[in-house]
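Engineer: Just dropping this structure here.
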Amino acid sequence: MKIRFLICSVFCISFFGMKAQEQFSAEVNTKTEPAGKINFNETNIGFSFHKKISSNSTITNTLAYSNLKINYDSGSFGVFKNLDELNQIQNKFDFSYTVSDKTKLKFSVTPTLNFQQKPDASDFTVLGDFEVSQQLGSKTTISIGAARTTAFGSPRFIPVLSLDYKVNEQSNILIGFPDSKISYSNNIRNKFSLTNSFNGNFYHLDSENPDYSSSKAIVSQMTSAIEYERNIDKNWFINFKAGYDFNKKYNLTDNNNHKVYDFNINDGYILGIGIKYKQ
């Protein structure tokens, strides 16, 4: 009980310590993806506060929860019938500092709980990243750094880099790793985006589950998608997403990260919808 209380404190202290008059946003997103004999349905809920704490420093805190439901075709993977729901709680704290007119630093730390049904101390992981951004001209910015992320299905350090080019007031191009994006806005209400990202996650499995001896479920893929966001009034936004997951993987591993079982799932299309409130 004490361990769970300490874990919850790590997630909540920085989030609820922020004041109501700061910039605030809340969003709910859901997406579905059929992948052969398995369907993935994911729901995400997030709350974010943003505050400028000095003339050259800003902080952002985001508390998010995601629920991944996995549906297996009848008669397939019967031994894994209890492996149908995976959960994650994250509290991401971002700090950005403007060194000069052309140079910015960004640091984030993200305590994370990845679990099946019953969260425990062993489910706790700390992720984060550090980036340096340098403006090369009036329209071009380059960023380079490193991150501890689950983009490939397990916590690991990877390089982070991007080249951001502002084509004009309506269009922007971001080319990088692990994320790339082309965006266009024809007016203040509509925004269209073409994105490509490497993304994934892992989840610790309940130890008392009798149906399998593995300790973690790992999901990873590369996602290419078209997104549309509509500002329906002053504070409310709605977004739609359609895309395709390439090199989709869903595996089970043991405590030493050795593969125990490979579901050999297919690549598949994704459809998503979300709503956001900002003030």
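Identifiers for the structure tokens are assigned positionally: chains receive A, B, ... in sequence, residues are indexed from 1 per chain, and ligands are indexed from 1 in the order shown.
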Fewer than 5 positions away in the same chain doesn't count, so skip those; otherwise give me all residues within 9 Å of Leu271 (chain A), counting only C-alpha atoms, as a list in words.
Structural biologist: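 Once the adjacent positions are removed, what remains is Thr30, Lys31, Thr32, Glu33, Phe240, Lys241, Ala242, Gly243 and Tyr244 of chain A.
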Engineer: Please, could you write that set of residues out with N, CA, C and O atoms as a PDB file, in the first residue's frame?
Structural biologist:
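And here's part03.pdb as it stands now:
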```pdb
ATOM      1  N   THR A  30      -9.816   8.123 -29.460  1.00  0.00           N
ATOM      2  CA  THR A  30      -9.999   6.681 -29.573  1.00  0.00           C
ATOM      3  C   THR A  30      -9.664   6.243 -30.991  1.00  0.00           C
ATOM      4  O   THR A  30      -9.892   6.984 -31.950  1.00  0.00           O
ATOM      5  N   LYS A  31      -9.078   5.060 -31.134  1.00  0.00           N
ATOM      6  CA  LYS A  31      -8.743   4.553 -32.455  1.00  0.00           C
ATOM      7  C   LYS A  31      -8.916   3.043 -32.474  1.00  0.00           C
ATOM      8  O   LYS A  31      -8.843   2.369 -31.447  1.00  0.00           O
ATOM      9  N   THR A  32      -9.156   2.532 -33.669  1.00  0.00           N
ATOM     10  CA  THR A  32      -9.325   1.099 -33.852  1.00  0.00           C
ATOM     11  C   THR A  32      -8.414   0.619 -34.969  1.00  0.00           C
ATOM     12  O   THR A  32      -8.136   1.354 -35.918  1.00  0.00           O
ATOM     13  N   GLU A  33      -7.949  -0.634 -34.838  1.00  0.00           N
ATOM     14  CA  GLU A  33      -7.055  -1.193 -35.845  1.00  0.00           C
ATOM     15  C   GLU A  33      -7.234  -2.702 -35.929  1.00  0.00           C
ATOM     16  O   GLU A  33      -6.891  -3.432 -34.996  1.00  0.00           O
ATOM     17  N   PHE A 240      -9.861  13.966 -36.751  1.00  0.00           N
ATOM     18  CA  PHE A 240     -10.050  12.658 -37.372  1.00  0.00           C
ATOM     19  C   PHE A 240      -8.700  12.165 -37.885  1.00  0.00           C
ATOM     20  O   PHE A 240      -7.871  12.961 -38.337  1.00  0.00           O
ATOM     21  N   LYS A 241      -8.494  10.858 -37.822  1.00  0.00           N
ATOM     22  CA  LYS A 241      -7.219  10.274 -38.230  1.00  0.00           C
ATOM     23  C   LYS A 241      -7.463   8.987 -39.007  1.00  0.00           C
ATOM     24  O   LYS A 241      -8.268   8.143 -38.592  1.00  0.00           O
ATOM     25  N   ALA A 242      -6.782   8.858 -40.144  1.00  0.00           N
ATOM     26  CA  ALA A 242      -6.847   7.629 -40.936  1.00  0.00           C
ATOM     27  C   ALA A 242      -5.449   7.320 -41.429  1.00  0.00           C
ATOM     28  O   ALA A 242      -4.747   8.208 -41.926  1.00  0.00           O
ATOM     29  N   GLY A 243      -5.020   6.074 -41.272  1.00  0.00           N
ATOM     30  CA  GLY A 243      -3.660   5.750 -41.671  1.00  0.00           C
ATOM     31  C   GLY A 243      -3.422   4.260 -41.754  1.00  0.00           C
ATOM     32  O   GLY A 243      -4.365   3.454 -41.787  1.00  0.00           O
ATOM     33  N   TYR A 244      -2.143   3.910 -41.734  1.00  0.00           N
ATOM     34  CA  TYR A 244      -1.755   2.508 -41.886  1.00  0.00           C
ATOM     35  C   TYR A 244      -0.526   2.242 -41.031  1.00  0.00           C
ATOM     36  O   TYR A 244       0.396   3.062 -40.965  1.00  0.00           O
TER      37      TYR A 244
END
```
Engineer: Against region 67-90 of chain A, which residues of region 96-154 of chain A fall within 10 Å? For each one I want the closest pair of atoms and the distance in Å (one decimal), counting only C-alpha atoms, rows by chain and increasing residue number, as CSV.
Structural biologist:
```
residue,atom,partner,partner_atom,distance
A:Thr110,CA,A:Gln90,CA,6.5
A:Pro111,CA,A:Gln90,CA,6.0
A:Thr112,CA,A:Gln90,CA,4.5
A:Leu113,CA,A:Ile89,CA,5.1
A:Asn114,CA,A:Gln88,CA,4.5
A:Phe115,CA,A:Asn87,CA,5.4
A:Gln116,CA,A:Leu86,CA,4.5
A:Gln117,CA,A:Leu86,CA,7.0
A:Lys118,CA,A:Asn87,CA,9.4
A:Pro119,CA,A:Asn87,CA,9.0
A:Asp123,CA,A:Gln88,CA,9.5
A:Phe124,CA,A:Ile89,CA,9.7
A:Thr125,CA,A:Gln90,CA,9.6
A:Val126,CA,A:Gln90,CA,9.4
A:Leu127,CA,A:Gln90,CA,9.5
```
Engineer: Once you have the residues from the selection above, write them out as a PDB file, in the first residue's frame, restricted to C-alpha atoms.
Structural biologist:
```
ATOM      1  CA  THR A 110       8.066  11.107 -17.840  1.00  0.00           C
ATOM      2  CA  PRO A 111       7.322   8.716 -14.968  1.00  0.00           C
ATOM      3  CA  THR A 112       5.188   5.897 -16.374  1.00  0.00           C
ATOM      4  CA  LEU A 113       3.123   2.967 -15.152  1.00  0.00           C
ATOM      5  CA  ASN A 114       2.607   0.208 -17.737  1.00  0.00           C
ATOM      6  CA  PHE A 115       0.456  -2.628 -16.405  1.00  0.00           C
ATOM      7  CA  GLN A 116      -2.186  -5.219 -17.229  1.00  0.00           C
ATOM      8  CA  GLN A 117      -4.791  -4.931 -14.455  1.00  0.00           C
ATOM      9  CA  LYS A 118      -3.050  -4.421 -11.115  1.00  0.00           C
ATOM     10  CA  PRO A 119      -0.368  -1.672 -10.975  1.00  0.00           C
ATOM     11  CA  ASP A 123       5.480  -1.484 -13.401  1.00  0.00           C
ATOM     12  CA  PHE A 124       7.142   1.892 -12.802  1.00  0.00           C
ATOM     13  CA  THR A 125       9.485   3.268 -15.501  1.00  0.00           C
ATOM     14  CA  VAL A 126      11.032   6.694 -16.070  1.00  0.00           C
ATOM     15  CA  LEU A 127      11.283   7.994 -19.629  1.00  0.00           C
TER      16      LEU A 127
END
```
